[in-house]
Every structure is written in structure tokens, then in C-alpha cells.
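Right, one structure below, let's go through it.
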Amino acid sequence: MNRLKVKLRLYLPLIKSLQTALLITTGLAGYMSARCPVTTIPTMLGLGASLLLSISGSTILNMWYDRDIDAKMARTTKRPLPAGLIEPREALLVGLVLSALGVGIALVMDVLYGAIIFSGLFIDVVIYTIWLKRKTAWSIIWGGISGGMPILAGRALGLGSIDWIGIALTFAILFWIPTHILTFSIRYRKDYQAAGVPTFPSTYGDKTTQAIIALSSVLAAITIGLAAYGIGTEWGFLRLMAVLSGGLFTLAIASVIKPSETVNFGLFKYASLYMLSAMILLMF
């Protein structure tokens, strides 16, 4: 039992628990925007399980593939795989099993839902991590698309089809993700350079990167606002979302007019809280 607890603790960093929790929340929000959760509790449980397994599996596979560059970056060198705490073969097997279980449950629940979940996993692991991450800074676009799949899948599961609202919600996540990735690429520039991973700061400079971060944050707020309106969100919730968006706009403008690492990281933190708040508002 103690060995199992130790092993589970080692795998927690491999699944990036906070990031995984946020993506699961987006999937639940997508579903709840289309269906009443009270009457579909078994489906909600299946949705949560399939997202947890598939997202965790894909993240472990990414960590397995990137263990060589993680070993070169001070920020990631202590992760279980580069630190030698978990055998690569074991991590690969666990990642494949979790991914297969997650996609399998999703396909049993609904073919369209399962297909979107599989697409997100394939884009994340194969296109983003294996193919493009080490070749071009623009790989983050594909990372953003994969990050938008859970909310699209949840919405599609609730409706039985893909609609413009689901696509808008996907784009909201797509626009939000660069705020996360690009902020880290500025803050940990030397790490990425040591690992040989191309980033926007190293390719286009800080000013361009900061402008992209600000623009993507604003586009994320606008897109999710349009989706919330299309869903039929009550005006009270829309007004609250508008107030939250105002804070995001202010930080975005500040990051362009008076850029600094402090302002950029403040925008990154606020954008994450904003997205979580927006998902909760969409749920209720």
C-alpha cells in the first residue's frame, strides 16, 4: 500500500494535475452548457472519467517523449522522468493504457464525443509534441487546438452534434493557451534555449510576444462572451463576465504599454483565474 502511494505521488507531476483539472472543468462546462446535469449524473461521471484518463494519459506521453529536453532545463530537471525516479518504459505503458481507457470510455458513450477526444489526444501528442514542438514556435497553435477539444467534446456530447457555440468555446481556449505558454517562454527563456526548443521570444522578440499575449487574452474574452450570449446566459452572469473581462483588458493593455515580467505574469495568473471563473459561470 505504501509503495502504491509513493508511486501515485511520483505520477502526480507527470499529469500536471492543475492543468488537467482545468481542462476537465472546461469539458464539464461544455456539456453543462447544453444539458441539465441533474438529470444526467451517470453521463457526467463518464465524461469526467474519460477526460481524466485521456488527458492524464496524453500528458504522461508528452512527458515521456520530452524527458530528454526536460533534463536540460532547470525548471523541469527534477521531474520524475529526467530525475530517474520513474522508468521510461513504465511511463510509456501507463500513458498508453490511460489514453486507451479514456478514449475507449468516450467512444462507448458516444462516437462523436470519442472521436473528438481522440483527435485532441492525437493532436497533442503526435502533431504538437512529437512533430512540431522542437521545430517551430508556431507549434503552440496546435497545442491550443488540442486544449480546446475537451470543451468542444463536452458540448458535442450534450447536443449530439457540433454547433457554432462549441466552436466558439474551442477558440476561446485556443486564444487563452498562448497566454500561458508564451508567458512561460519569456520567463524561462534560458531553459528553452538550453533545450533547443524554438519559442516566440527567441524567434520574434519580447515586444512581439507580449503583443501576442495581450491580443490573445482579449480575443479569448470576446470569444467566450459571444459563446455565453449564444447559450442564453442570463444578463446578471453576462454583466459579471463583462466586469471580469474588463480586468483582463486592462492588464492586456498594460502589458503592451508598459511591458515587464511582473505585468506579464500578472496577466497570465489573471487569465487563468478568468478562464476558470468563466467556466463556472457557464456551468450555472
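Ligands are numbered from 1 in the order shown, residues from 1 within each chain, and chains are lettered A, B, ... in the order they appear in the C-alpha cells.
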
Residues of region 192-273 of chain A at most 9 Å from region 54-75 of chain A: nearest atom pair and distance in Å, only C-alpha atoms, as a Markdown table:
| residue | atom | partner | partner_atom | distance |
| --- | --- | --- | --- | --- |
| A:Tyr192 | CA | A:Met73 | CA | 6.9 |
| A:Gln193 | CA | A:Met73 | CA | 8.8 |
| A:Ala194 | CA | A:Lys72 | CA | 6.3 |
| A:Ala195 | CA | A:Ile69 | CA | 5.1 |
| A:Gly196 | CA | A:Ile69 | CA | 7.9 |
| A:Val197 | CA | A:Ile69 | CA | 8.3 |

Selection: 9 Å around region 254-261 of chain A, only C-alpha atoms, excl. self and same-chain fewer than 5 positions, as a VMD selection string
chain A and resid 183 186 to 187 207 210 to 211 213 to 214 249 266 to 267

Export N, CA and C atoms of the chosen residues as a PDB file, in the first residue's frame?
ATOM      1  N   THR A 183       3.941  33.300 -21.847  1.00  0.00           N
ATOM      2  CA  THR A 183       4.449  33.902 -20.611  1.00  0.00           C
ATOM      3  C   THR A 183       5.587  33.063 -20.044  1.00  0.00           C
ATOM      4  N   ILE A 186       8.830  33.465 -22.028  1.00  0.00           N
ATOM      5  CA  ILE A 186       9.593  34.677 -21.703  1.00  0.00           C
ATOM      6  C   ILE A 186      10.324  34.497 -20.378  1.00  0.00           C
ATOM      7  N   ARG A 187       9.606  33.997 -19.389  1.00  0.00           N
ATOM      8  CA  ARG A 187      10.174  33.874 -18.044  1.00  0.00           C
ATOM      9  C   ARG A 187      11.303  32.852 -17.999  1.00  0.00           C
ATOM     10  N   LYS A 207       8.853  42.081 -27.552  1.00  0.00           N
ATOM     11  CA  LYS A 207       7.755  43.015 -27.823  1.00  0.00           C
ATOM     12  C   LYS A 207       6.644  42.354 -28.624  1.00  0.00           C
ATOM     13  N   GLN A 210       4.854  39.833 -26.346  1.00  0.00           N
ATOM     14  CA  GLN A 210       3.964  40.497 -25.393  1.00  0.00           C
ATOM     15  C   GLN A 210       2.700  41.008 -26.074  1.00  0.00           C
ATOM     16  N   ALA A 211       2.835  41.483 -27.306  1.00  0.00           N
ATOM     17  CA  ALA A 211       1.663  41.941 -28.053  1.00  0.00           C
ATOM     18  C   ALA A 211       0.729  40.774 -28.362  1.00  0.00           C
ATOM     19  N   ILE A 213       0.477  37.990 -26.605  1.00  0.00           N
ATOM     20  CA  ILE A 213      -0.139  37.594 -25.335  1.00  0.00           C
ATOM     21  C   ILE A 213      -1.341  38.478 -25.036  1.00  0.00           C
ATOM     22  N   ALA A 214      -1.170  39.795 -25.189  1.00  0.00           N
ATOM     23  CA  ALA A 214      -2.253  40.734 -24.916  1.00  0.00           C
ATOM     24  C   ALA A 214      -3.427  40.510 -25.870  1.00  0.00           C
ATOM     25  N   PHE A 249      -8.805  43.058 -19.982  1.00  0.00           N
ATOM     26  CA  PHE A 249      -8.452  44.067 -20.975  1.00  0.00           C
ATOM     27  C   PHE A 249      -7.429  45.051 -20.406  1.00  0.00           C
ATOM     28  N   GLY A 266       1.392  38.695 -14.133  1.00  0.00           N
ATOM     29  CA  GLY A 266       0.098  39.062 -13.554  1.00  0.00           C
ATOM     30  C   GLY A 266      -1.028  38.786 -14.523  1.00  0.00           C
ATOM     31  N   LEU A 267      -0.805  39.098 -15.806  1.00  0.00           N
ATOM     32  CA  LEU A 267      -1.801  38.813 -16.845  1.00  0.00           C
ATOM     33  C   LEU A 267      -2.025  37.316 -16.975  1.00  0.00           C
TER      34      LEU A 267
END

Using only C-alpha atoms, determine which residues lie at most 12 Å from Leu281 (chain A), disregarding the query and same-chain residues fewer than 6 positions distant; provide the list as a ChimeraX atom specification.
/A:25-26,28-30,32-33,224-225,227-229,231-242,244,274-275

Got time to write the residues from that selection, N, CA and C atoms, as a JSON list (two decimals), in the first residue's frame?
[["chain", "number", "residue", "atom", "x", "y", "z"],
["A", 25, "THR", "N", -12.55, 20.71, -16.24],
["A", 25, "THR", "CA", -13.59, 21.70, -15.95],
["A", 25, "THR", "C", -14.18, 22.28, -17.22],
["A", 26, "THR", "N", -13.32, 22.54, -18.22],
["A", 26, "THR", "CA", -13.84, 23.07, -19.48],
["A", 26, "THR", "C", -14.76, 22.04, -20.17],
["A", 28, "LEU", "N", -16.58, 19.69, -18.69],
["A", 28, "LEU", "CA", -17.84, 19.67, -17.93],
["A", 28, "LEU", "C", -18.68, 20.90, -18.25],
["A", 29, "ALA", "N", -18.01, 22.06, -18.36],
["A", 29, "ALA", "CA", -18.73, 23.29, -18.69],
["A", 29, "ALA", "C", -19.36, 23.20, -20.07],
["A", 30, "GLY", "N", -18.63, 22.63, -21.03],
["A", 30, "GLY", "CA", -19.17, 22.46, -22.37],
["A", 30, "GLY", "C", -20.42, 21.60, -22.36],
["A", 32, "MET", "N", -22.42, 20.94, -19.69],
["A", 32, "MET", "CA", -23.49, 21.56, -18.90],
["A", 32, "MET", "C", -24.11, 22.76, -19.61],
["A", 33, "SER", "N", -23.39, 23.34, -20.59],
["A", 33, "SER", "CA", -23.97, 24.43, -21.36],
["A", 33, "SER", "C", -25.05, 23.92, -22.32],
["A", 224, "ILE", "N", -15.39, 34.03, -25.67],
["A", 224, "ILE", "CA", -16.17, 33.33, -24.65],
["A", 224, "ILE", "C", -17.42, 34.14, -24.29],
["A", 225, "GLY", "N", -17.33, 35.48, -24.40],
["A", 225, "GLY", "CA", -18.51, 36.31, -24.18],
["A", 225, "GLY", "C", -19.58, 36.07, -25.23],
["A", 227, "ALA", "N", -19.94, 33.32, -26.98],
["A", 227, "ALA", "CA", -20.48, 31.97, -26.75],
["A", 227, "ALA", "C", -21.48, 31.99, -25.60],
["A", 228, "ALA", "N", -21.16, 32.71, -24.52],
["A", 228, "ALA", "CA", -22.06, 32.80, -23.37],
["A", 228, "ALA", "C", -23.39, 33.44, -23.77],
["A", 229, "TYR", "N", -23.32, 34.47, -24.61],
["A", 229, "TYR", "CA", -24.54, 35.13, -25.11],
["A", 229, "TYR", "C", -25.35, 34.17, -25.97],
["A", 231, "ILE", "N", -25.42, 30.95, -25.81],
["A", 231, "ILE", "CA", -26.01, 29.91, -24.96],
["A", 231, "ILE", "C", -27.30, 30.40, -24.32],
["A", 232, "GLY", "N", -27.39, 31.72, -24.11],
["A", 232, "GLY", "CA", -28.55, 32.29, -23.45],
["A", 232, "GLY", "C", -28.30, 32.58, -21.98],
["A", 233, "THR", "N", -27.03, 32.84, -21.66],
["A", 233, "THR", "CA", -26.67, 33.14, -20.28],
["A", 233, "THR", "C", -27.43, 34.38, -19.80],
["A", 234, "GLU", "N", -27.92, 34.33, -18.57],
["A", 234, "GLU", "CA", -28.69, 35.45, -18.02],
["A", 234, "GLU", "C", -27.83, 36.71, -17.93],
["A", 235, "TRP", "N", -28.49, 37.88, -18.00],
["A", 235, "TRP", "CA", -27.78, 39.15, -18.05],
["A", 235, "TRP", "C", -26.94, 39.38, -16.80],
["A", 236, "GLY", "N", -27.40, 38.87, -15.67],
["A", 236, "GLY", "CA", -26.61, 39.04, -14.45],
["A", 236, "GLY", "C", -25.25, 38.38, -14.56],
["A", 237, "PHE", "N", -25.23, 37.18, -15.12],
["A", 237, "PHE", "CA", -23.97, 36.46, -15.31],
["A", 237, "PHE", "C", -23.13, 37.13, -16.40],
["A", 238, "LEU", "N", -23.82, 37.63, -17.46],
["A", 238, "LEU", "CA", -23.09, 38.30, -18.53],
["A", 238, "LEU", "C", -22.43, 39.59, -18.03],
["A", 239, "ARG", "N", -23.13, 40.30, -17.15],
["A", 239, "ARG", "CA", -22.54, 41.53, -16.59],
["A", 239, "ARG", "C", -21.32, 41.20, -15.74],
["A", 240, "LEU", "N", -21.42, 40.12, -14.96],
["A", 240, "LEU", "CA", -20.28, 39.71, -14.15],
["A", 240, "LEU", "C", -19.11, 39.31, -15.04],
["A", 241, "MET", "N", -19.40, 38.62, -16.12],
["A", 241, "MET", "CA", -18.35, 38.23, -17.05],
["A", 241, "MET", "C", -17.73, 39.46, -17.70],
["A", 242, "ALA", "N", -18.55, 40.49, -17.96],
["A", 242, "ALA", "CA", -18.04, 41.73, -18.55],
["A", 242, "ALA", "C", -17.08, 42.44, -17.59],
["A", 244, "LEU", "N", -15.26, 40.95, -15.26],
["A", 244, "LEU", "CA", -14.04, 40.15, -15.26],
["A", 244, "LEU", "C", -13.22, 40.41, -16.53],
["A", 274, "TYR", "N", -9.54, 33.98, -14.77],
["A", 274, "TYR", "CA", -10.66, 34.42, -15.60],
["A", 274, "TYR", "C", -11.29, 33.23, -16.32],
["A", 275, "MET", "N", -10.46, 32.38, -16.90],
["A", 275, "MET", "CA", -10.98, 31.23, -17.63],
["A", 275, "MET", "C", -11.72, 30.28, -16.70]]

Kindly give the distance, in Å, that separates CA of Ala100 (chain A) and CA of Tyr128 (chain A), rounded to a single decimal.
18.9 Å

Expressed in Å to a single decimal, how great is the separation between CA of Leu215 (chain A) and CA of Gly246 (chain A)?
13.8 Å

When you draw a straight line from CA of Pro80 (chain A) to CA of Lys135 (chain A), how long is it in Å?
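Going from CA of Pro80 (chain A) over to CA of Lys135 (chain A), I get 25.1 Å.
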
Residues within 9 Å of Val103 (chain A), please, as a list in words. Count only C-alpha atoms; anything in the same chain fewer than 5 positions from it doesn't count.
Ser50, Leu51, Leu53, Ser54, Leu98, Val108, Gly114, Ala115, Ile117, Phe118 and Leu121 of chain A

Output the selection as a PDB file, in the first residue's frame - N, CA and C atoms for each residue.
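Output saved as out-v2.pdb:
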ATOM      1  N   SER A  50     -13.616   9.807 -18.521  1.00  0.00           N
ATOM      2  CA  SER A  50     -12.962   9.725 -19.833  1.00  0.00           C
ATOM      3  C   SER A  50     -11.992  10.886 -20.042  1.00  0.00           C
ATOM      4  N   LEU A  51     -12.365  12.077 -19.592  1.00  0.00           N
ATOM      5  CA  LEU A  51     -11.473  13.231 -19.713  1.00  0.00           C
ATOM      6  C   LEU A  51     -10.249  13.076 -18.816  1.00  0.00           C
ATOM      7  N   LEU A  53      -8.820  10.346 -17.689  1.00  0.00           N
ATOM      8  CA  LEU A  53      -7.923   9.301 -18.186  1.00  0.00           C
ATOM      9  C   LEU A  53      -7.204   9.728 -19.466  1.00  0.00           C
ATOM     10  N   SER A  54      -7.944  10.278 -20.423  1.00  0.00           N
ATOM     11  CA  SER A  54      -7.329  10.635 -21.709  1.00  0.00           C
ATOM     12  C   SER A  54      -6.363  11.806 -21.573  1.00  0.00           C
ATOM     13  N   LEU A  98      -3.733   4.556 -20.015  1.00  0.00           N
ATOM     14  CA  LEU A  98      -4.682   5.592 -19.605  1.00  0.00           C
ATOM     15  C   LEU A  98      -5.353   6.237 -20.817  1.00  0.00           C
ATOM     16  N   VAL A 108     -17.534   4.531 -26.223  1.00  0.00           N
ATOM     17  CA  VAL A 108     -18.701   3.773 -25.764  1.00  0.00           C
ATOM     18  C   VAL A 108     -19.856   4.722 -25.444  1.00  0.00           C
ATOM     19  N   GLY A 114     -16.236  10.534 -28.602  1.00  0.00           N
ATOM     20  CA  GLY A 114     -14.988   9.780 -28.588  1.00  0.00           C
ATOM     21  C   GLY A 114     -14.035  10.223 -29.680  1.00  0.00           C
ATOM     22  N   ALA A 115     -14.586  10.533 -30.860  1.00  0.00           N
ATOM     23  CA  ALA A 115     -13.740  10.969 -31.974  1.00  0.00           C
ATOM     24  C   ALA A 115     -13.058  12.301 -31.656  1.00  0.00           C
ATOM     25  N   ILE A 117     -12.381  13.459 -28.584  1.00  0.00           N
ATOM     26  CA  ILE A 117     -11.390  13.184 -27.543  1.00  0.00           C
ATOM     27  C   ILE A 117     -10.129  12.577 -28.155  1.00  0.00           C
ATOM     28  N   PHE A 118     -10.305  11.624 -29.058  1.00  0.00           N
ATOM     29  CA  PHE A 118      -9.143  11.020 -29.723  1.00  0.00           C
ATOM     30  C   PHE A 118      -8.386  12.059 -30.547  1.00  0.00           C
ATOM     31  N   LEU A 121      -6.224  14.151 -28.293  1.00  0.00           N
ATOM     32  CA  LEU A 121      -5.055  13.387 -27.837  1.00  0.00           C
ATOM     33  C   LEU A 121      -4.024  13.257 -28.953  1.00  0.00           C
TER      34      LEU A 121
END

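Closest to Ile165 (chain A) among A:Tyr31, A:Trp131, A:Trp142, A:Tyr11 is A:Tyr31, based on only C-alpha atoms.
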
Might you pull out every residue within 8 Å of Phe171 (chain A), with only C-alpha atoms counted and same-chain residues fewer than 2 positions away left off, and present them as a list of chain:residue names?
A:Ile145, A:Gly148, A:Ile167, A:Ala168, A:Leu169, A:Ile173, A:Leu174, A:Phe175, A:Ala220, A:Thr223

Store the residues of this selection in a file with N, CA and C atoms, as a short mmCIF file (atom, residue, chain, number, x, y, z; two decimals), in the first residue's frame.
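Output below, filename out-v5.cif:
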data_model
loop_
_atom_site.label_atom_id
_atom_site.label_comp_id
_atom_site.auth_asym_id
_atom_site.auth_seq_id
_atom_site.Cartn_x
_atom_site.Cartn_y
_atom_site.Cartn_z
N ILE A 145 -5.18 24.10 -29.98
CA ILE A 145 -6.31 23.35 -30.55
C ILE A 145 -6.61 22.11 -29.72
N GLY A 148 -8.44 22.90 -26.65
CA GLY A 148 -9.84 23.26 -26.85
C GLY A 148 -10.75 22.07 -27.10
N ILE A 167 -17.74 25.59 -31.23
CA ILE A 167 -16.54 26.04 -31.94
C ILE A 167 -16.01 27.33 -31.31
N ALA A 168 -16.93 28.24 -30.94
CA ALA A 168 -16.51 29.50 -30.30
C ALA A 168 -15.81 29.22 -28.97
N LEU A 169 -16.36 28.29 -28.19
CA LEU A 169 -15.73 27.93 -26.92
C LEU A 169 -14.35 27.32 -27.13
N ILE A 173 -10.57 28.81 -25.74
CA ILE A 173 -9.47 28.08 -25.11
C ILE A 173 -8.20 28.23 -25.94
N LEU A 174 -8.34 28.15 -27.27
CA LEU A 174 -7.20 28.31 -28.17
C LEU A 174 -6.52 29.66 -27.95
N PHE A 175 -7.31 30.72 -27.79
CA PHE A 175 -6.75 32.05 -27.58
C PHE A 175 -6.17 32.20 -26.18
N ALA A 220 -9.72 35.89 -26.37
CA ALA A 220 -10.31 34.83 -25.55
C ALA A 220 -11.54 35.35 -24.82
N THR A 223 -14.43 36.06 -27.38
CA THR A 223 -14.99 34.82 -27.92
C THR A 223 -15.86 34.11 -26.90
#

Can you list, as number ranges by chain, all residues belonging to region 129-162 of chain A that DSSP tags as helix (DSSP H, G or I)?
A: 129-132, 139-159

Just-selected residues, N, CA and C atoms written as a PDB file, in the first residue's frame:
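Output saved as out.pdb:
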ATOM      1  N   THR A 129       3.626  17.657 -29.818  1.00  0.00           N
ATOM      2  CA  THR A 129       4.831  17.275 -29.083  1.00  0.00           C
ATOM      3  C   THR A 129       5.879  16.592 -29.961  1.00  0.00           C
ATOM      4  N   ILE A 130       5.478  15.563 -30.676  1.00  0.00           N
ATOM      5  CA  ILE A 130       6.461  14.771 -31.429  1.00  0.00           C
ATOM      6  C   ILE A 130       6.905  15.467 -32.714  1.00  0.00           C
ATOM      7  N   TRP A 131       5.965  16.061 -33.452  1.00  0.00           N
ATOM      8  CA  TRP A 131       6.291  16.593 -34.769  1.00  0.00           C
ATOM      9  C   TRP A 131       6.805  18.033 -34.741  1.00  0.00           C
ATOM     10  N   LEU A 132       6.076  18.965 -34.071  1.00  0.00           N
ATOM     11  CA  LEU A 132       6.325  20.388 -34.268  1.00  0.00           C
ATOM     12  C   LEU A 132       7.023  21.122 -33.130  1.00  0.00           C
ATOM     13  N   SER A 139       4.161  25.896 -33.105  1.00  0.00           N
ATOM     14  CA  SER A 139       3.566  24.640 -32.610  1.00  0.00           C
ATOM     15  C   SER A 139       2.512  24.910 -31.545  1.00  0.00           C
ATOM     16  N   ILE A 140       2.609  26.074 -30.862  1.00  0.00           N
ATOM     17  CA  ILE A 140       1.644  26.371 -29.800  1.00  0.00           C
ATOM     18  C   ILE A 140       0.214  26.461 -30.324  1.00  0.00           C
ATOM     19  N   ILE A 141       0.051  26.759 -31.622  1.00  0.00           N
ATOM     20  CA  ILE A 141      -1.296  26.794 -32.203  1.00  0.00           C
ATOM     21  C   ILE A 141      -1.944  25.419 -32.066  1.00  0.00           C
ATOM     22  N   TRP A 142      -1.168  24.385 -32.374  1.00  0.00           N
ATOM     23  CA  TRP A 142      -1.693  23.018 -32.277  1.00  0.00           C
ATOM     24  C   TRP A 142      -1.891  22.611 -30.823  1.00  0.00           C
ATOM     25  N   GLY A 143      -1.004  23.096 -29.943  1.00  0.00           N
ATOM     26  CA  GLY A 143      -1.217  22.848 -28.525  1.00  0.00           C
ATOM     27  C   GLY A 143      -2.519  23.476 -28.050  1.00  0.00           C
ATOM     28  N   GLY A 144      -2.813  24.671 -28.573  1.00  0.00           N
ATOM     29  CA  GLY A 144      -4.062  25.343 -28.216  1.00  0.00           C
ATOM     30  C   GLY A 144      -5.286  24.618 -28.748  1.00  0.00           C
ATOM     31  N   ILE A 145      -5.181  24.102 -29.975  1.00  0.00           N
ATOM     32  CA  ILE A 145      -6.310  23.355 -30.551  1.00  0.00           C
ATOM     33  C   ILE A 145      -6.611  22.109 -29.722  1.00  0.00           C
ATOM     34  N   SER A 146      -5.562  21.389 -29.338  1.00  0.00           N
ATOM     35  CA  SER A 146      -5.779  20.190 -28.516  1.00  0.00           C
ATOM     36  C   SER A 146      -6.388  20.564 -27.169  1.00  0.00           C
ATOM     37  N   GLY A 147      -5.957  21.706 -26.611  1.00  0.00           N
ATOM     38  CA  GLY A 147      -6.522  22.160 -25.337  1.00  0.00           C
ATOM     39  C   GLY A 147      -7.981  22.543 -25.444  1.00  0.00           C
ATOM     40  N   GLY A 148      -8.439  22.895 -26.651  1.00  0.00           N
ATOM     41  CA  GLY A 148      -9.840  23.257 -26.849  1.00  0.00           C
ATOM     42  C   GLY A 148     -10.752  22.068 -27.100  1.00  0.00           C
ATOM     43  N   MET A 149     -10.182  20.888 -27.300  1.00  0.00           N
ATOM     44  CA  MET A 149     -11.008  19.718 -27.605  1.00  0.00           C
ATOM     45  C   MET A 149     -11.928  19.278 -26.454  1.00  0.00           C
ATOM     46  N   PRO A 150     -11.496  19.328 -25.176  1.00  0.00           N
ATOM     47  CA  PRO A 150     -12.409  18.898 -24.109  1.00  0.00           C
ATOM     48  C   PRO A 150     -13.721  19.676 -24.060  1.00  0.00           C
ATOM     49  N   ILE A 151     -13.665  21.000 -24.225  1.00  0.00           N
ATOM     50  CA  ILE A 151     -14.909  21.773 -24.153  1.00  0.00           C
ATOM     51  C   ILE A 151     -15.777  21.522 -25.389  1.00  0.00           C
ATOM     52  N   LEU A 152     -15.136  21.342 -26.555  1.00  0.00           N
ATOM     53  CA  LEU A 152     -15.895  21.003 -27.758  1.00  0.00           C
ATOM     54  C   LEU A 152     -16.532  19.630 -27.614  1.00  0.00           C
ATOM     55  N   ALA A 153     -15.776  18.683 -27.049  1.00  0.00           N
ATOM     56  CA  ALA A 153     -16.298  17.322 -26.852  1.00  0.00           C
ATOM     57  C   ALA A 153     -17.472  17.326 -25.885  1.00  0.00           C
ATOM     58  N   GLY A 154     -17.346  18.074 -24.781  1.00  0.00           N
ATOM     59  CA  GLY A 154     -18.433  18.134 -23.808  1.00  0.00           C
ATOM     60  C   GLY A 154     -19.694  18.709 -24.407  1.00  0.00           C
ATOM     61  N   ARG A 155     -19.555  19.779 -25.158  1.00  0.00           N
ATOM     62  CA  ARG A 155     -20.705  20.404 -25.817  1.00  0.00           C
ATOM     63  C   ARG A 155     -21.334  19.451 -26.828  1.00  0.00           C
ATOM     64  N   ALA A 156     -20.489  18.763 -27.614  1.00  0.00           N
ATOM     65  CA  ALA A 156     -20.985  17.818 -28.616  1.00  0.00           C
ATOM     66  C   ALA A 156     -21.694  16.637 -27.967  1.00  0.00           C
ATOM     67  N   LEU A 157     -21.199  16.194 -26.809  1.00  0.00           N
ATOM     68  CA  LEU A 157     -21.851  15.100 -26.096  1.00  0.00           C
ATOM     69  C   LEU A 157     -23.240  15.515 -25.629  1.00  0.00           C
ATOM     70  N   GLY A 158     -23.369  16.754 -25.188  1.00  0.00           N
ATOM     71  CA  GLY A 158     -24.672  17.238 -24.733  1.00  0.00           C
ATOM     72  C   GLY A 158     -25.662  17.442 -25.853  1.00  0.00           C
ATOM     73  N   LEU A 159     -25.178  17.907 -27.006  1.00  0.00           N
ATOM     74  CA  LEU A 159     -26.071  18.216 -28.132  1.00  0.00           C
ATOM     75  C   LEU A 159     -26.253  17.046 -29.089  1.00  0.00           C
TER      76      LEU A 159
END

Shell around Ser217 (chain A) at 9 Å using only C-alpha atoms, local window under 5 positions removed, as an MDAnalysis selection string
chainID A and resid 172 175:179 212 222 248:249 252 267:268 271

For the residues selected in the previous step, produce a file with N, CA and C atoms as an mmCIF file, in the first residue's frame.
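out_23.cif was written with the following content:
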data_model
loop_
_atom_site.group_PDB
_atom_site.id
_atom_site.type_symbol
_atom_site.label_atom_id
_atom_site.label_comp_id
_atom_site.auth_asym_id
_atom_site.auth_seq_id
_atom_site.Cartn_x
_atom_site.Cartn_y
_atom_site.Cartn_z
ATOM 1 N N ALA A 172 -12.019 30.074 -27.773
ATOM 2 C CA ALA A 172 -11.722 30.799 -26.532
ATOM 3 C C ALA A 172 -10.556 30.144 -25.802
ATOM 4 N N PHE A 175 -7.311 30.717 -27.788
ATOM 5 C CA PHE A 175 -6.750 32.052 -27.579
ATOM 6 C C PHE A 175 -6.166 32.204 -26.180
ATOM 7 N N TRP A 176 -6.718 31.457 -25.212
ATOM 8 C CA TRP A 176 -6.236 31.570 -23.837
ATOM 9 C C TRP A 176 -4.882 30.890 -23.648
ATOM 10 N N ILE A 177 -4.676 29.763 -24.296
ATOM 11 C CA ILE A 177 -3.473 28.959 -24.062
ATOM 12 C C ILE A 177 -2.172 29.701 -24.367
ATOM 13 N N PRO A 178 -2.073 30.535 -25.438
ATOM 14 C CA PRO A 178 -0.813 31.278 -25.642
ATOM 15 C C PRO A 178 -0.443 32.172 -24.466
ATOM 16 N N THR A 179 -1.452 32.686 -23.744
ATOM 17 C CA THR A 179 -1.149 33.494 -22.566
ATOM 18 C C THR A 179 -0.313 32.696 -21.579
ATOM 19 N N ILE A 212 1.308 39.623 -28.700
ATOM 20 C CA ILE A 212 0.504 38.428 -28.990
ATOM 21 C C ILE A 212 -0.217 37.951 -27.729
ATOM 22 N N ILE A 222 -13.444 38.011 -25.612
ATOM 23 C CA ILE A 222 -14.509 38.336 -26.567
ATOM 24 C C ILE A 222 -15.220 37.077 -27.049
ATOM 25 N N LEU A 248 -9.237 41.873 -17.458
ATOM 26 C CA LEU A 248 -8.334 41.229 -18.418
ATOM 27 C C LEU A 248 -7.862 42.234 -19.472
ATOM 28 N N PHE A 249 -8.805 43.058 -19.982
ATOM 29 C CA PHE A 249 -8.452 44.067 -20.975
ATOM 30 C C PHE A 249 -7.429 45.051 -20.406
ATOM 31 N N ALA A 252 -4.070 43.484 -20.205
ATOM 32 C CA ALA A 252 -3.559 43.276 -21.558
ATOM 33 C C ALA A 252 -2.982 44.574 -22.122
ATOM 34 N N LEU A 267 -0.805 39.098 -15.806
ATOM 35 C CA LEU A 267 -1.801 38.813 -16.845
ATOM 36 C C LEU A 267 -2.025 37.316 -16.975
ATOM 37 N N PHE A 268 -0.936 36.553 -16.917
ATOM 38 C CA PHE A 268 -1.032 35.091 -17.003
ATOM 39 C C PHE A 268 -1.888 34.525 -15.872
ATOM 40 N N ALA A 271 -5.545 35.679 -16.298
ATOM 41 C CA ALA A 271 -6.188 34.984 -17.414
ATOM 42 C C ALA A 271 -6.609 33.573 -17.015
#

Given only C-alpha atoms as the counted atoms, nearest of A:Leu47, A:Leu12, A:Gln19, A:Thr250 to Ile105 (chain A)
A:Leu47

Nearest to Phe200 (chain A): which of A:Ser245, A:Thr136, A:Ser99, A:Thr170 is it, counting only C-alpha atoms?
A:Thr136
